[in-house]
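These notes concern the structure reproduced below.
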Amino acid sequence: MSENDCLRSELKSRCGRPGPGRDLAITRCNYGNGRRRQFNNFKTQNPGRRANTPTTPTTLTAFQMEPSQAAGAAVPVQITVLRGRNLKGTKGESCLTFIRAEFNGVVLGDSQKLEASADQGVEYNFPCSFECAEGSNTLDDLAHKPVVLTLYETLPKEKKQKDEKTLVLGQAIVGLLPLLQGQNTFSITAPLQAAPGSPGDGGVLEGSDKPSLDVAICVPEALLSEAQLADSNLLKVAVEAAYSVPEAWATTGPPFNYVAAMQVPLTAEREQLLAFSGGALKPGGEREPVPRPKKWPVGPSLTPGAQYIPGALIEGQPIEGENGELTGLEDRDFRVEAESIQKRVIWDTERCCFLEGGALGRLAKRIADCRFWPVEIMRAQVNTGKAVKAGKDRGGEDDAQLSFHGVAYVDMAPLLYPGVKRIRGAYQILPFYEADLLAKTKRQGSVLRDSLRQTGASGKVRVPSSLGSPHLKGAPSKILKDDKGAKEASKKASAERVAQKPQVSDSVAEVDVGVPLNTEGQMYAEARTYIVIEIALDRPLVPKRLPEELAKRVAELIPPRPPLPRRPAGAERAVRDFHGQVANVTGLLLDQYHELFGAATARGELPLDVCAQEERKTRLLGELNYSGKYFAFKEQMKHSVVRIVREKMLRTEAFAEPEELQAFLSQLYIFLVDEMHVSLNKSQSKDVQDTEPQPYLDSAQLRHFAREAQVNEDFQLAAQYYQERLAQDRSAPAHWFDYGTFCMLTGEYAKAEECFHQAVAIDQRHLSSLLLCGILAEMGTRFGDAETFFEDATCVDPSSVVAWTLFGLFYEGQENAIQAEMAFLEANKQLKVRFQGPVTSVPQMGDRRGSEPQEGAAAGEAQEPAGSSLSTERHQSTEAEGDEESVASVSDRAGAATAGGGAEPEPEPPAALKPLQSRPGPPATIYMETAHFLLENNALQMAQRALAQELLCPDGGPSSCYHLALARLHLQRAEYDQAEGSLKTALQDSFENPDAWALSGHVHYLTGGLDAARQCYERTLDFTKDASEMHPVYLRLGNIYLQEQQFGKAKLTYLRACKKSPSCLSWLGLGTACYRLGELTEAEDALTEANTLNNANPEVWGYLSLVCLQTGRRLEAEQAYKYAVKLNLQKGTLLQEIHQLQQRVGFGNPSF
């Protein structure tokens, strides 16, 4: 059993049964099931105790508390000092000691005097208590004031000495915070901090145990009910240090008191002042050690170690991880210098506040109303008693002026971020002005000046009381007589406290203030003084939902669906069942054979001649018949054979003629034997693999064709390709997502949402689908569902810039500025983290294609002035050497890739239709990256909001990237005039951007300006870097060349498209150009490739008919013409050309 467990058990026994001691009415704690605790009066006698032991200063009265006692009644806090360990006196191992307990400046009592031995320790069993009530010793006092246990040694009397002398050996500090966290009892071994001049002041020898006190704390019932505990919170404010202080502050000269103060809510109606005094001015030269302990906020103590809060440390933190000001790269050198070389004021003090439910609500409301909270700073001179008297004579002065009055504005808004419990940062100290305070914090008046007025307008500021009673000195002093009571002890303590000023003060420290405000306050701004403050909560103000909770909520909105197994049809399923039964029976037969002949086979004694094999066969069949396994195997096979007859042979009725039955049985026997051999080959051969035929067009090609039809506004064909993709594999979330984004383009939002839901049902962590589900839920005013989707997306991928930005845009739409700020800050953080690492491109959403080996660049193309006709001609002529390949060779390569049926990896779409990707290097802002993602997935309303935020962003604005994205938005909305205006602005800022020229070409092409479109497309091809989407550029430029009858250029352009991203339309364009050039063989090869990729294109059949007519192939010409007519060829000029050629050659039309 551990030491703490022993203390707990002893505490329970002592609360239930009083230990030895003097006459004392104490509390009995009944520790049952925790539901009912009752207190009874009792007395105990201990004849073995010393007769001259002093009584406790305050008599512990007996009381009884019923469970139904009204709220707010006083609750006693019982403190029991159980024993001391390793205690040593001044003159040897043994000494006469006693303990004095204090809380909140009041002496609770003295223990009896007992002999202490370092080897055996001493059993004090000293009980004392105080009442926790609303008027005194409040819950807030318990939060930040400890119980002080001072150990005294009683020295032997000398000659002619009337009173005993005492020496302070040390102090132990016990915090009461566990009582505010729901505990009724707790025990602690508190280390004893040696007092100056005591035997332990020199430190403890290595290997020896440190002196300590075992202390147990208990209350009769919990100070807070479960409901109150759930509604309350603990607020901890730590003021660490002020750096780069004004040069006028000198470390020599009269002593000064440096004070920082701020207000926090105490209840729902009242606020309290937190004053941090006792700041020490230190010279520079080295950095403060990290970690270092935090101090209690209740003043100095007798022993240096007792002023520190156990377990509370100031931890180091990178500057970029702070929440305050001065975190930029330009400020880091200044801060490093200020924190290592320049003077600073050190507080290192933490104040813990208990916030009830009302105060907690007031805190959240005040932060929501005004995010900046003032922390006032001042310097005041510590006065002597004479100065105090003079100060009192000036009581009639109007306003107390504060020396070096400054203020730091702490941004408390991060405490309203979900899950945030702590903020820490450096905040600049500015001169205090009433107007600035009102503008920034919506507050009036100075809390420090108000504190001066409340103390009599005498220029004095109230500071917290000391940790221990000031009269307790480390040097020997007179002790109270044994028969003195508590009141006499308090009076003598007060007298000694007054006599020892100004070294320590119990309640009020007098300081003079009165220098002009603006002059001294301006020194903070000139020196760039800043103060480091940490504010922490025990629980966050806004709880953050756990990822498990969010995943559960998403699963409730969209129930997960297991992957759909590929179920074969009835006939195929029957054959597979038969194969399985054959494999099963084969295994059983092999087991039986091994049982009969396995041993002989292993020894090599099994003869292999025919007679021996027949003998073994006969023996095996006999064993099967004798054991009944033969008939069991037949019954096992019967069901699968019946299914084959019914589902494969489609025979469900009786045969009328015996000949018909015999013929059917022969057919069935042959089929079963063949399938038996197939099954045996599969089960018994290691080389045979069960491969399923792959579709001719894989998923990536279908997506490529669908995107191509999308660009050409052939939405019916695009939907067909997306649906064919789903038919191939309905369990792929990417297939549902792509179909959903297509439905977003066509305005079918209900169908799009259903697709995204299907994707999330298949994969609950599919990030893009979760984001689009959130967007559509917000469009449908289901804001709770939208918040769930966005928040779950940030949990699925916490490093996603797009997820955090969309989360912020959602909160921006809900007018929740603080939550929106939180999401945007996290998005910016993730963006910086991403590009500080080795990664040079943005992965996944919003990506733009990284630099690929560009066509022509490897060949060392010369850079020509953009836009010149000479440049275009030279560009195309130099490319002819590389592009002038035969159509057959390009066709062979494309056919080899296509015939593989899946040679291209599924997740990677063709290069020409990859999502819009950014050039190497970080994008301008999080909003531009998010806008790229939204435009790519046709979420145009949210994209417009992202672009609007880009205009408001300090790092953004109307850049070329912004105008380019805005042009894409207008283009997708068919707002061509606005798109053209945005592109002109983008080209002014970035003249060599191929994306801008490509989009300009699209705008002119769609508005009928073919000549301008051709120039823009040619300019796009002149650049060494490709545009993000080159496939539409090739197709439309090739079409323009065909219309202008520049068939050679058209052939080269379409040939490049076929090499990079082959499709039906690219092969059709190439075939058309070759036909117009009279290259019928190459035209037929290209048209055949186009027909292979899409045999439902009537224009392909039309040109095939022309080629066949030109080459004199009558039957093929007629068949191609019939398919063209059947598929409703709409191109009138092509149809007229076919008819004219048919009439000239005299065949090709079956209607002749």
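To be explicit about the labels: the chains of the structure tokens are called A, B, and onward in the order shown, and within each one the residues are counted from 1, while ligands get numbers from 1 in the order they are shown.
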
Shell of 10 Å around A:Met262, only C-alpha atoms, local chain residues under 5 positions omitted, as a ChimeraX atom specification = /A:237,272-276,373-377,407-408,446-448

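For A:Asn125, the residues within 7 Å (counting only C-alpha atoms, excluding itself and residues fewer than 6 positions away along the chain) are A:Thr80, A:Val81, A:Leu82, A:Arg83.
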
Write a file of the selected residues as a PDB file, in the first residue's frame, keeping C-alpha atoms.
ATOM      1  CA  THR A  80      -5.499  17.100  10.767  1.00  0.00           C
ATOM      2  CA  VAL A  81      -1.723  17.112  10.999  1.00  0.00           C
ATOM      3  CA  LEU A  82      -1.042  13.421  11.482  1.00  0.00           C
ATOM      4  CA  ARG A  83       2.686  13.166  11.913  1.00  0.00           C
TER       5      ARG A  83
END

Point to revise | Two-atom distance - atom CA of A:Gly89, atom CA of A:Pro293 (Å) | key: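 So the two atoms, atom CA of A:Gly89 and atom CA of A:Pro293, lie 28.5 Å apart.
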
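Taking only C-alpha atoms into account, A:Ala750 lies nearest to A:Gly780 out of the set A:Ala583, A:His704, A:Gly780, A:Thr189.
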
Counting only C-alpha atoms, closest pick from A:Ala939, A:Leu770, A:Leu680, A:Leu1115 relative to A:Phe742 is A:Ala939

- Message: Env of A:Thr985: 12 Å cut, atoms = only C-alpha atoms, seq-sep filter 5 positions within chain, self excluded. Answer as an MDAnalysis selection string.
- Response: chainID A and resid 958:967 978:980 990:991 996:997 1000

Residue contacts of A:Arg287 (8 Å, only C-alpha atoms) excluding same-chain residues fewer than 3 positions away, as a PyMOL selection string
chain A and resi 284+339-341

Output all heavy atoms of each residue in that selection to a file, as a PDB file, in the first residue's frame.
ATOM      1  N   GLY A 284      19.241  42.864 -16.398  1.00  0.00           N
ATOM      2  CA  GLY A 284      19.347  41.885 -17.468  1.00  0.00           C
ATOM      3  C   GLY A 284      20.662  41.137 -17.410  1.00  0.00           C
ATOM      4  O   GLY A 284      21.410  41.209 -16.438  1.00  0.00           O
ATOM      5  N   GLU A 339      14.428  39.658 -23.442  1.00  0.00           N
ATOM      6  CA  GLU A 339      14.303  38.633 -22.408  1.00  0.00           C
ATOM      7  C   GLU A 339      15.645  38.092 -21.945  1.00  0.00           C
ATOM      8  O   GLU A 339      15.677  37.234 -21.043  1.00  0.00           O
ATOM      9  CB  GLU A 339      13.421  37.490 -22.921  1.00  0.00           C
ATOM     10  CG  GLU A 339      11.986  37.924 -23.166  1.00  0.00           C
ATOM     11  CD  GLU A 339      11.133  36.838 -23.796  1.00  0.00           C
ATOM     12  OE1 GLU A 339      11.541  35.662 -23.729  1.00  0.00           O
ATOM     13  OE2 GLU A 339      10.065  37.164 -24.347  1.00  0.00           O
ATOM     14  N   SER A 340      16.718  38.526 -22.546  1.00  0.00           N
ATOM     15  CA  SER A 340      18.024  38.043 -22.115  1.00  0.00           C
ATOM     16  C   SER A 340      18.957  39.162 -21.659  1.00  0.00           C
ATOM     17  O   SER A 340      19.786  38.951 -20.780  1.00  0.00           O
ATOM     18  CB  SER A 340      18.701  37.250 -23.248  1.00  0.00           C
ATOM     19  OG  SER A 340      18.819  38.052 -24.410  1.00  0.00           O
ATOM     20  N   ILE A 341      18.854  40.345 -22.205  1.00  0.00           N
ATOM     21  CA  ILE A 341      19.825  41.416 -21.929  1.00  0.00           C
ATOM     22  C   ILE A 341      19.219  42.528 -21.085  1.00  0.00           C
ATOM     23  O   ILE A 341      19.839  43.004 -20.139  1.00  0.00           O
ATOM     24  CB  ILE A 341      20.373  41.991 -23.260  1.00  0.00           C
ATOM     25  CG1 ILE A 341      21.080  40.882 -24.057  1.00  0.00           C
ATOM     26  CG2 ILE A 341      21.315  43.151 -23.003  1.00  0.00           C
ATOM     27  CD1 ILE A 341      21.577  41.330 -25.415  1.00  0.00           C
TER      28      ILE A 341
END
